[in-house]
Amino acid sequence: MWGGRFRETTAPSMEAYSESVSYDARLYKYDIAGSKAHAEMLAAGGILSEQELKDIVAGLSAIEAEIEAGTFRFRRELEDVHMNIEKALIERIGPAGARLHSGRSRNDQVAVDFKMYLRDQCDLIGELLDGVRRAFVRLARKNIGMMMPGYTHLQRAQPVLVSHHLLAYYEMFSRDRGRMADCRRRLNLSPLGCAAMAGTGLPIDRAMTAAALGFDGWTANSMDTSGDRDYALEFLSVCTMIHLHLSRLAEELVLWSTSEFDFVNLPDRFCTGSSIMPQKKNPDIVELMRGKTGRVVGSLITLITVMKGLPLTYNRDLQEDKEPVFDAADTLSAGLSIIAELLDGVSFNAETMESATRSGCMTATDLADYLVLKGEPFRKAHATVGRTVAYCVDAGRDLSELTLEELRQFSQVIDKDVYEVLTTEGSVNSRISAGGTGLVRVEEAVAAAEEELGI
Ligand code: ARG
């Protein structure tokens, strides 16, 4: 493509090192759509004749059909997807094909392709997130009323509803949904027409190509545009956040499926056995999901590192943007669809979870709040309950198991109504503050989520 200026052909080692077609070929559909829109615009501006436009569009369609049929041969010596398609077009339709690249550079071309690809990925991941959100809401509805220990520092803290815990993930993935939509909105401006980096002297119409390709408008500064990969970094940041959420969920599923916790049963179809220990059922899939978070975080760090220190505008370093983005998008999509499917097959061991709430003095805060309602200052109540808990620990009993007489040794204001707050049910159902775990609040939250998702 640049033979005119050169006296040597490309070194084979250079060719292998610099090619990108082995991975950017997957952008072919966007590249062809971008070229068609560009050709239509050139024809409208009189730079291509109607016949040339027809030939270009037909040629590009034929190439697309060949790629889809798997009969198109991508050639490494043609470096990238853009030059492979352009060269094939020229071979197919002759001189008209050679006119297509007027008023355009691979710098704006690659940005168009990449943004269109990312736009589709934002939509796809958005839908997959909805699938995960739906799975959480279904699970929360199905298990409504079931109780479990809530943890801080991974120490039993206060009893909560299982559905409240599940809806915490619903909230996390809902924020992620918003982040993806936001990322898509910000990236959806067309780079086409920025050419190499300074714009072009040819009479092009950026508004026309932007509209044809579904962009909301076009970018304002050609220099910014040819060196900009903020949108890819933003996409990777959002992917990282989502995968972090998947990882935390995976960690809880791993913990909860141990015999030590025994809170949850993962579906057999998402577990593996051991080649030596016949009794084992290992939560490999969720462990892998936790592990694959490293790849996604790594992809973000890779691109941050590529971008750091790049002068304006386009630098070939930017070609290193694609593999991390493709890898992160593929990894995340797979994880999201698997987790939605897995959640549908999860069951909880209600008895184990509820009985875990009846040890460890988990209603200590409730006792303190009870004393506050009876007029004690909270700090004094905290100390009183602390002494009561120490007594329980020595006696190996739970707060709810103490007799009224025993309780009154610690505070004279305690009466029989104390047992209403010392039980798990009493504790959970007293927490009706907005956003709390009380059944009324959680029922409202499930209903709101169902409405939001149209369940
Ligand atoms: N394959 C290149 C990339 O992915 C396309 C743009 C190349 N532009 C250039 N001037 N070398 O970034």
# chains A, B, ... in the order shown; residues from 1 in each chain; ligands from 1
$ closest_atom_pairs --of "chain A" --to "ligand 1" --cutoff "8 Å" --atoms "only C-alpha atoms and all ligand atoms" --output "tab-separated table"
residue	atom	partner	partner_atom_place_in_ligand_line	distance
A:Glu19	CA	ligand 1	1 (N)	7.4
A:Ser20	CA	ligand 1	1 (N)	5.8
A:Val21	CA	ligand 1	1 (N)	7.7
A:Asp24	CA	ligand 1	4 (O)	7.4
A:Glu79	CA	ligand 1	1 (N)	7.0
A:Asp80	CA	ligand 1	1 (N)	5.1
A:Val81	CA	ligand 1	1 (N)	7.4
A:His82	CA	ligand 1	5 (C)	7.3
A:Ser105	CA	ligand 1	8 (N)	7.3
A:Arg106	CA	ligand 1	6 (C)	4.6
A:Asn107	CA	ligand 1	6 (C)	4.8
A:Asp108	CA	ligand 1	6 (C)	7.9
A:Gln109	CA	ligand 1	6 (C)	7.5
A:Val110	CA	ligand 1	5 (C)	5.5
A:Ala196	CA	ligand 1	10 (N)	7.3
A:Tyr314	CA	ligand 1	10 (N)	7.1
A:Asn315	CA	ligand 1	10 (N)	7.4
A:Arg316	CA	ligand 1	11 (N)	5.7
A:Asp317	CA	ligand 1	12 (O)	7.3
A:Leu318	CA	ligand 1	12 (O)	5.2
A:Gln319	CA	ligand 1	12 (O)	3.6
A:Glu320	CA	ligand 1	4 (O)	7.2
A:Asp321	CA	ligand 1	4 (O)	7.6
A:Lys322	CA	ligand 1	4 (O)	7.3
$ residues_around --residues "A:Ala445" --least-positions-apart "5" --cutoff "12 Å" --atoms "only C-alpha atoms" --output "PyMOL selection string"
chain A and resi 136-137+140-141+144+163-168+170-171+432+434-440+450-452
$ residues_around --residues "A:Ala43" --least-positions-apart "3" --cutoff "12 Å" --atoms "only C-alpha atoms" --output "list in words"
Lys36, Ala37, His38, Ala39, Glu40, Gly46, Ile47, Leu48, Ser49, Glu50, Gln51, Glu52, Leu53, Lys54, Asp55, Ile56, Val57, Ala96, Arg99, Leu100, Ser102, Pro203, Ile204, Asp205, Met208 and Thr209 of chain A
$ write_last_selection --atoms "N, CA, C and O atoms" --output "mmCIF file, in the first residue's frame"
data_model
loop_
_atom_site.group_PDB
_atom_site.id
_atom_site.type_symbol
_atom_site.label_atom_id
_atom_site.label_comp_id
_atom_site.auth_asym_id
_atom_site.auth_seq_id
_atom_site.Cartn_x
_atom_site.Cartn_y
_atom_site.Cartn_z
ATOM 1 N N LYS A 36 -18.918 1.337 3.518
ATOM 2 C CA LYS A 36 -20.112 1.604 2.704
ATOM 3 C C LYS A 36 -20.641 3.014 2.982
ATOM 4 O O LYS A 36 -20.967 3.757 2.054
ATOM 5 N N ALA A 37 -20.709 3.380 4.253
ATOM 6 C CA ALA A 37 -21.214 4.717 4.606
ATOM 7 C C ALA A 37 -20.297 5.792 4.032
ATOM 8 O O ALA A 37 -20.757 6.824 3.527
ATOM 9 N N HIS A 38 -18.992 5.514 4.112
ATOM 10 C CA HIS A 38 -18.019 6.474 3.585
ATOM 11 C C HIS A 38 -18.199 6.627 2.068
ATOM 12 O O HIS A 38 -18.184 7.745 1.537
ATOM 13 N N ALA A 39 -18.392 5.503 1.373
ATOM 14 C CA ALA A 39 -18.569 5.543 -0.087
ATOM 15 C C ALA A 39 -19.841 6.306 -0.463
ATOM 16 O O ALA A 39 -19.832 7.123 -1.395
ATOM 17 N N GLU A 40 -20.925 6.048 0.244
ATOM 18 C CA GLU A 40 -22.192 6.767 -0.034
ATOM 19 C C GLU A 40 -21.969 8.272 0.094
ATOM 20 O O GLU A 40 -22.452 9.063 -0.723
ATOM 21 N N GLY A 46 -19.926 13.935 -4.859
ATOM 22 C CA GLY A 46 -19.387 13.968 -6.217
ATOM 23 C C GLY A 46 -17.969 13.446 -6.355
ATOM 24 O O GLY A 46 -17.355 13.562 -7.399
ATOM 25 N N ILE A 47 -17.412 12.855 -5.307
ATOM 26 C CA ILE A 47 -16.037 12.325 -5.398
ATOM 27 C C ILE A 47 -16.031 10.940 -6.031
ATOM 28 O O ILE A 47 -15.056 10.528 -6.654
ATOM 29 N N LEU A 48 -17.137 10.215 -5.897
ATOM 30 C CA LEU A 48 -17.301 8.928 -6.588
ATOM 31 C C LEU A 48 -18.504 9.069 -7.521
ATOM 32 O O LEU A 48 -19.482 9.746 -7.171
ATOM 33 N N SER A 49 -18.423 8.390 -8.664
ATOM 34 C CA SER A 49 -19.590 8.397 -9.554
ATOM 35 C C SER A 49 -20.611 7.388 -9.024
ATOM 36 O O SER A 49 -20.277 6.527 -8.201
ATOM 37 N N GLU A 50 -21.835 7.470 -9.526
ATOM 38 C CA GLU A 50 -22.873 6.526 -9.092
ATOM 39 C C GLU A 50 -22.454 5.088 -9.400
ATOM 40 O O GLU A 50 -22.699 4.173 -8.622
ATOM 41 N N GLN A 51 -21.823 4.902 -10.569
ATOM 42 C CA GLN A 51 -21.398 3.553 -10.951
ATOM 43 C C GLN A 51 -20.310 3.041 -10.007
ATOM 44 O O GLN A 51 -20.341 1.893 -9.557
ATOM 45 N N GLU A 52 -19.371 3.928 -9.676
ATOM 46 C CA GLU A 52 -18.296 3.515 -8.754
ATOM 47 C C GLU A 52 -18.879 3.140 -7.395
ATOM 48 O O GLU A 52 -18.486 2.132 -6.788
ATOM 49 N N LEU A 53 -19.826 3.925 -6.939
ATOM 50 C CA LEU A 53 -20.462 3.630 -5.659
ATOM 51 C C LEU A 53 -21.120 2.253 -5.699
ATOM 52 O O LEU A 53 -20.947 1.433 -4.794
ATOM 53 N N LYS A 54 -21.866 2.002 -6.766
ATOM 54 C CA LYS A 54 -22.556 0.707 -6.911
ATOM 55 C C LYS A 54 -21.548 -0.439 -6.851
ATOM 56 O O LYS A 54 -21.767 -1.440 -6.179
ATOM 57 N N ASP A 55 -20.461 -0.280 -7.607
ATOM 58 C CA ASP A 55 -19.445 -1.341 -7.645
ATOM 59 C C ASP A 55 -18.819 -1.551 -6.269
ATOM 60 O O ASP A 55 -18.589 -2.689 -5.849
ATOM 61 N N ILE A 56 -18.555 -0.446 -5.583
ATOM 62 C CA ILE A 56 -17.926 -0.552 -4.257
ATOM 63 C C ILE A 56 -18.866 -1.266 -3.288
ATOM 64 O O ILE A 56 -18.474 -2.206 -2.586
ATOM 65 N N VAL A 57 -20.114 -0.852 -3.277
ATOM 66 C CA VAL A 57 -21.067 -1.450 -2.339
ATOM 67 C C VAL A 57 -21.260 -2.930 -2.652
ATOM 68 O O VAL A 57 -21.238 -3.784 -1.747
ATOM 69 N N ALA A 96 -12.177 1.522 -9.179
ATOM 70 C CA ALA A 96 -13.146 2.158 -8.270
ATOM 71 C C ALA A 96 -12.785 1.838 -6.826
ATOM 72 O O ALA A 96 -12.909 2.679 -5.930
ATOM 73 N N ARG A 99 -10.432 4.116 -5.126
ATOM 74 C CA ARG A 99 -10.895 5.471 -4.818
ATOM 75 C C ARG A 99 -11.559 5.564 -3.444
ATOM 76 O O ARG A 99 -11.803 6.656 -2.940
ATOM 77 N N LEU A 100 -11.865 4.409 -2.880
ATOM 78 C CA LEU A 100 -12.621 4.393 -1.623
ATOM 79 C C LEU A 100 -11.907 5.119 -0.485
ATOM 80 O O LEU A 100 -12.525 5.789 0.335
ATOM 81 N N SER A 102 -10.431 7.725 -0.119
ATOM 82 C CA SER A 102 -10.271 9.190 -0.231
ATOM 83 C C SER A 102 -10.827 9.862 1.018
ATOM 84 O O SER A 102 -11.905 9.507 1.485
ATOM 85 N N PRO A 203 -14.136 17.556 0.176
ATOM 86 C CA PRO A 203 -15.445 18.001 0.694
ATOM 87 C C PRO A 203 -16.247 16.835 1.270
ATOM 88 O O PRO A 203 -17.134 16.294 0.610
ATOM 89 N N ILE A 204 -15.951 16.440 2.480
ATOM 90 C CA ILE A 204 -16.671 15.316 3.100
ATOM 91 C C ILE A 204 -17.816 15.842 3.965
ATOM 92 O O ILE A 204 -17.875 17.029 4.270
ATOM 93 N N ASP A 205 -18.704 14.917 4.352
ATOM 94 C CA ASP A 205 -19.853 15.282 5.184
ATOM 95 C C ASP A 205 -19.884 14.345 6.385
ATOM 96 O O ASP A 205 -20.387 13.226 6.304
ATOM 97 N N MET A 208 -23.281 13.127 7.694
ATOM 98 C CA MET A 208 -23.940 12.086 6.912
ATOM 99 C C MET A 208 -23.438 10.688 7.304
ATOM 100 O O MET A 208 -24.233 9.773 7.535
ATOM 101 N N THR A 209 -22.115 10.549 7.403
ATOM 102 C CA THR A 209 -21.609 9.216 7.770
ATOM 103 C C THR A 209 -21.960 8.875 9.228
ATOM 104 O O THR A 209 -22.284 7.735 9.544
#
$ select_by_dssp --residues "stretch 5-194 of chain A" --states "strand (DSSP E)" --output "PyMOL selection string"
chain A and resi 147-152+155-161
$ atom_distance --atom1 "atom CA of A:Arg104" --atom2 "atom CA of A:Ser18"
21.6 Å
$ select_by_dssp --residues "stretch 201-237 of chain A" --states "helix (DSSP H, G or I)" --output "ChimeraX atom specification"
/A:206-212,222-227,230-237
$ atom_distance --atom1 "atom CA of A:Ala390" --atom2 "atom CA of A:Glu354"
22.7 Å
$ residues_around --residues "stretch 179-192 of chain A" --least-positions-apart "6" --cutoff "7 Å" --atoms "only C-alpha atoms" --output "short mmCIF file (atom, residue, chain, number, x, y, z; two decimals) with N, CA, C and O atoms, in the first residue's frame"
data_model
loop_
_atom_site.label_atom_id
_atom_site.label_comp_id
_atom_site.auth_asym_id
_atom_site.auth_seq_id
_atom_site.Cartn_x
_atom_site.Cartn_y
_atom_site.Cartn_z
N ASP A 108 -8.74 7.00 11.38
CA ASP A 108 -10.15 7.20 11.73
C ASP A 108 -10.95 5.93 11.46
O ASP A 108 -11.91 5.61 12.16
N GLN A 109 -10.50 5.16 10.46
CA GLN A 109 -11.21 3.93 10.12
C GLN A 109 -11.20 2.94 11.30
O GLN A 109 -12.23 2.37 11.66
N ALA A 111 -10.79 3.58 14.39
CA ALA A 111 -11.56 4.11 15.53
C ALA A 111 -13.06 3.89 15.31
O ALA A 111 -13.79 3.57 16.24
N VAL A 112 -13.49 4.05 14.05
CA VAL A 112 -14.91 3.80 13.74
C VAL A 112 -15.24 2.34 14.03
O VAL A 112 -16.24 2.02 14.70
N LYS A 115 -15.19 1.58 17.81
CA LYS A 115 -16.32 2.16 18.54
C LYS A 115 -17.62 1.41 18.23
O LYS A 115 -18.44 1.19 19.12
N ARG A 119 -19.78 -0.47 20.99
CA ARG A 119 -21.18 -0.13 21.16
C ARG A 119 -22.02 -1.40 21.26
O ARG A 119 -22.86 -1.54 22.14
N CYS A 122 -21.33 -3.10 24.57
CA CYS A 122 -22.05 -2.44 25.69
C CYS A 122 -23.48 -2.95 25.73
O CYS A 122 -24.03 -3.24 26.80
N GLY A 126 -24.97 -5.30 28.60
CA GLY A 126 -26.15 -4.75 29.27
C GLY A 126 -27.26 -5.79 29.36
O GLY A 126 -27.88 -5.98 30.42
N ARG A 206 -19.32 14.80 7.48
CA ARG A 206 -19.22 13.94 8.67
C ARG A 206 -20.58 13.64 9.26
O ARG A 206 -20.79 12.58 9.85
N ALA A 210 -21.91 9.89 10.09
CA ALA A 210 -22.25 9.62 11.50
C ALA A 210 -23.68 9.10 11.60
O ALA A 210 -23.94 8.09 12.27
N PHE A 215 -24.35 6.79 14.81
CA PHE A 215 -23.72 7.60 15.86
C PHE A 215 -24.64 8.77 16.20
O PHE A 215 -25.45 9.20 15.39
N ASP A 216 -24.50 9.28 17.41
CA ASP A 216 -25.33 10.41 17.84
C ASP A 216 -24.78 11.75 17.34
O ASP A 216 -25.41 12.79 17.54
N GLY A 217 -23.60 11.72 16.75
CA GLY A 217 -22.99 12.95 16.26
C GLY A 217 -21.55 12.61 15.88
O GLY A 217 -21.23 11.43 15.69
N TRP A 218 -20.69 13.61 15.78
CA TRP A 218 -19.31 13.35 15.40
C TRP A 218 -18.38 14.06 16.37
O TRP A 218 -18.77 15.02 17.04
N THR A 219 -17.16 13.57 16.47
CA THR A 219 -16.20 14.11 17.44
C THR A 219 -15.74 15.50 17.02
O THR A 219 -15.72 15.83 15.83
N THR A 225 -9.28 12.86 18.39
CA THR A 225 -9.92 11.63 17.92
C THR A 225 -8.92 10.57 17.47
O THR A 225 -9.08 9.40 17.79
N TYR A 231 -12.51 5.75 25.38
CA TYR A 231 -13.73 4.93 25.37
C TYR A 231 -13.41 3.47 25.64
O TYR A 231 -14.19 2.77 26.30
N GLU A 234 -12.57 3.24 29.30
CA GLU A 234 -13.78 3.34 30.10
C GLU A 234 -14.54 2.01 30.07
O GLU A 234 -15.01 1.51 31.10
N PHE A 235 -14.62 1.44 28.88
CA PHE A 235 -15.27 0.13 28.75
C PHE A 235 -14.57 -0.90 29.64
O PHE A 235 -15.21 -1.65 30.37
N VAL A 238 -15.36 -0.40 33.28
CA VAL A 238 -16.68 -0.92 33.65
C VAL A 238 -16.64 -2.46 33.70
O VAL A 238 -17.18 -3.07 34.62
#
$ closest_atom_pairs --of "stretch 192-288 of chain A" --to "stretch 336-352 of chain A" --cutoff "8 Å" --atoms "only C-alpha atoms" --output "JSON lines"
{"residue": "A:Leu246", "atom": "CA", "partner": "A:Leu336", "partner_atom": "CA", "distance": 8.0}
{"residue": "A:Asp262", "atom": "CA", "partner": "A:Thr352", "partner_atom": "CA", "distance": 7.0}
{"residue": "A:Phe263", "atom": "CA", "partner": "A:Asn349", "partner_atom": "CA", "distance": 5.1}
{"residue": "A:Val264", "atom": "CA", "partner": "A:Phe348", "partner_atom": "CA", "distance": 4.5}
{"residue": "A:Asn265", "atom": "CA", "partner": "A:Ser347", "partner_atom": "CA", "distance": 5.3}
{"residue": "A:Leu266", "atom": "CA", "partner": "A:Val346", "partner_atom": "CA", "distance": 5.2}
{"residue": "A:Pro267", "atom": "CA", "partner": "A:Gly345", "partner_atom": "CA", "distance": 5.4}
{"residue": "A:Phe270", "atom": "CA", "partner": "A:Leu342", "partner_atom": "CA", "distance": 6.9}
$ write_last_selection --atoms "N, CA and C atoms" --output "mmCIF file, in the first residue's frame"
data_model
loop_
_atom_site.group_PDB
_atom_site.id
_atom_site.type_symbol
_atom_site.label_atom_id
_atom_site.label_comp_id
_atom_site.auth_asym_id
_atom_site.auth_seq_id
_atom_site.Cartn_x
_atom_site.Cartn_y
_atom_site.Cartn_z
ATOM 1 N N LEU A 246 -18.620 -9.982 40.158
ATOM 2 C CA LEU A 246 -18.741 -11.434 39.949
ATOM 3 C C LEU A 246 -17.795 -12.179 40.888
ATOM 4 N N ASP A 262 -21.949 -24.647 54.697
ATOM 5 C CA ASP A 262 -23.061 -25.491 54.251
ATOM 6 C C ASP A 262 -24.361 -24.710 54.091
ATOM 7 N N PHE A 263 -24.261 -23.525 53.546
ATOM 8 C CA PHE A 263 -25.455 -22.688 53.346
ATOM 9 C C PHE A 263 -26.121 -22.941 51.997
ATOM 10 N N VAL A 264 -25.303 -23.324 51.016
ATOM 11 C CA VAL A 264 -25.814 -23.324 49.647
ATOM 12 C C VAL A 264 -25.446 -24.614 48.932
ATOM 13 N N ASN A 265 -26.337 -25.041 48.034
ATOM 14 C CA ASN A 265 -26.025 -26.170 47.161
ATOM 15 C C ASN A 265 -25.912 -25.645 45.745
ATOM 16 N N LEU A 266 -24.734 -25.828 45.145
ATOM 17 C CA LEU A 266 -24.552 -25.400 43.760
ATOM 18 C C LEU A 266 -25.013 -26.553 42.875
ATOM 19 N N PRO A 267 -25.586 -26.228 41.732
ATOM 20 C CA PRO A 267 -26.042 -27.302 40.837
ATOM 21 C C PRO A 267 -24.858 -28.182 40.390
ATOM 22 N N PHE A 270 -22.637 -27.482 37.383
ATOM 23 C CA PHE A 270 -21.618 -26.432 37.400
ATOM 24 C C PHE A 270 -20.487 -26.750 38.383
#
$ atom_distance --atom1 "atom CA of A:Gly34" --atom2 "atom CA of A:Leu60"
10.6 Å
$ residues_around --residues "stretch 414-431 of chain A" --least-positions-apart "4" --cutoff "7 Å" --atoms "only C-alpha atoms" --output "ChimeraX atom specification"
/A:159-160,357-358,363,366-367,399-400,404,408,436-439
$ write_last_selection --atoms "N, CA and C atoms" --output "PDB file, in the first residue's frame"
ATOM      1  N   PRO A 159     -28.569 -10.965  62.236  1.00  0.00           N
ATOM      2  CA  PRO A 159     -29.378 -11.786  61.330  1.00  0.00           C
ATOM      3  C   PRO A 159     -30.002 -10.928  60.230  1.00  0.00           C
ATOM      4  N   VAL A 160     -30.082 -11.493  59.047  1.00  0.00           N
ATOM      5  CA  VAL A 160     -30.682 -10.783  57.901  1.00  0.00           C
ATOM      6  C   VAL A 160     -31.526 -11.768  57.097  1.00  0.00           C
ATOM      7  N   THR A 357     -27.968 -18.407  62.956  1.00  0.00           N
ATOM      8  CA  THR A 357     -28.311 -17.094  63.534  1.00  0.00           C
ATOM      9  C   THR A 357     -28.609 -17.208  65.027  1.00  0.00           C
ATOM     10  N   ARG A 358     -28.793 -18.469  65.501  1.00  0.00           N
ATOM     11  CA  ARG A 358     -29.152 -18.630  66.909  1.00  0.00           C
ATOM     12  C   ARG A 358     -27.938 -18.891  67.795  1.00  0.00           C
ATOM     13  N   THR A 363     -28.017 -11.188  68.305  1.00  0.00           N
ATOM     14  CA  THR A 363     -29.046 -10.176  68.565  1.00  0.00           C
ATOM     15  C   THR A 363     -28.594  -9.183  69.640  1.00  0.00           C
ATOM     16  N   ASP A 366     -29.665  -5.774  69.057  1.00  0.00           N
ATOM     17  CA  ASP A 366     -31.101  -5.612  69.341  1.00  0.00           C
ATOM     18  C   ASP A 366     -31.333  -5.399  70.833  1.00  0.00           C
ATOM     19  N   LEU A 367     -30.545  -6.120  71.648  1.00  0.00           N
ATOM     20  CA  LEU A 367     -30.686  -5.949  73.097  1.00  0.00           C
ATOM     21  C   LEU A 367     -30.267  -4.523  73.496  1.00  0.00           C
ATOM     22  N   LEU A 399     -27.732 -15.507  73.700  1.00  0.00           N
ATOM     23  CA  LEU A 399     -28.529 -14.507  74.434  1.00  0.00           C
ATOM     24  C   LEU A 399     -29.980 -14.930  74.588  1.00  0.00           C
ATOM     25  N   SER A 400     -30.543 -15.473  73.505  1.00  0.00           N
ATOM     26  CA  SER A 400     -31.965 -15.830  73.520  1.00  0.00           C
ATOM     27  C   SER A 400     -32.243 -16.984  74.486  1.00  0.00           C
ATOM     28  N   LEU A 404     -35.000 -14.767  82.178  1.00  0.00           N
ATOM     29  CA  LEU A 404     -35.207 -13.354  82.512  1.00  0.00           C
ATOM     30  C   LEU A 404     -34.372 -12.962  83.729  1.00  0.00           C
ATOM     31  N   ARG A 408     -31.655 -10.022  83.986  1.00  0.00           N
ATOM     32  CA  ARG A 408     -31.861  -8.880  84.878  1.00  0.00           C
ATOM     33  C   ARG A 408     -30.653  -8.610  85.788  1.00  0.00           C
ATOM     34  N   GLY A 436     -33.357  -1.319  55.048  1.00  0.00           N
ATOM     35  CA  GLY A 436     -33.035  -2.337  56.043  1.00  0.00           C
ATOM     36  C   GLY A 436     -33.533  -3.723  55.654  1.00  0.00           C
ATOM     37  N   THR A 437     -33.255  -4.689  56.529  1.00  0.00           N
ATOM     38  CA  THR A 437     -33.532  -6.094  56.202  1.00  0.00           C
ATOM     39  C   THR A 437     -34.918  -6.569  56.651  1.00  0.00           C
ATOM     40  N   GLY A 438     -35.701  -5.703  57.305  1.00  0.00           N
ATOM     41  CA  GLY A 438     -37.047  -6.100  57.735  1.00  0.00           C
ATOM     42  C   GLY A 438     -37.867  -6.631  56.561  1.00  0.00           C
ATOM     43  N   LEU A 439     -38.698  -7.657  56.834  1.00  0.00           N
ATOM     44  CA  LEU A 439     -39.440  -8.307  55.751  1.00  0.00           C
ATOM     45  C   LEU A 439     -40.243  -7.310  54.900  1.00  0.00           C
TER      46      LEU A 439
END
$ closest_residue --among "A:His101, A:Arg175, A:Arg92, A:His382" --to "A:Tyr370" --atoms "only C-alpha atoms"
A:His382
$ residues_around --residues "A:Thr331" --least-positions-apart "6" --cutoff "9 Å" --atoms "only C-alpha atoms" --output "list of chain:residue names"
A:Lys292, A:Thr293, A:Arg295, A:Val296
$ write_last_selection --atoms "N, CA, C and O atoms" --output "JSON list (two decimals), in the first residue's frame"
[["chain", "number", "residue", "atom", "x", "y", "z"],
["A", 292, "LYS", "N", -10.68, -15.51, 36.84],
["A", 292, "LYS", "CA", -10.67, -14.78, 35.56],
["A", 292, "LYS", "C", -10.79, -13.27, 35.78],
["A", 292, "LYS", "O", -10.53, -12.49, 34.86],
["A", 293, "THR", "N", -11.16, -12.87, 36.98],
["A", 293, "THR", "CA", -11.17, -11.44, 37.29],
["A", 293, "THR", "C", -9.77, -10.87, 37.04],
["A", 293, "THR", "O", -9.63, -9.73, 36.60],
["A", 295, "ARG", "N", -7.71, -11.65, 34.71],
["A", 295, "ARG", "CA", -7.50, -11.34, 33.28],
["A", 295, "ARG", "C", -8.11, -9.99, 32.94],
["A", 295, "ARG", "O", -7.57, -9.21, 32.16],
["A", 296, "VAL", "N", -9.31, -9.75, 33.49],
["A", 296, "VAL", "CA", -10.02, -8.52, 33.12],
["A", 296, "VAL", "C", -9.32, -7.30, 33.73],
["A", 296, "VAL", "O", -9.10, -6.29, 33.05]]
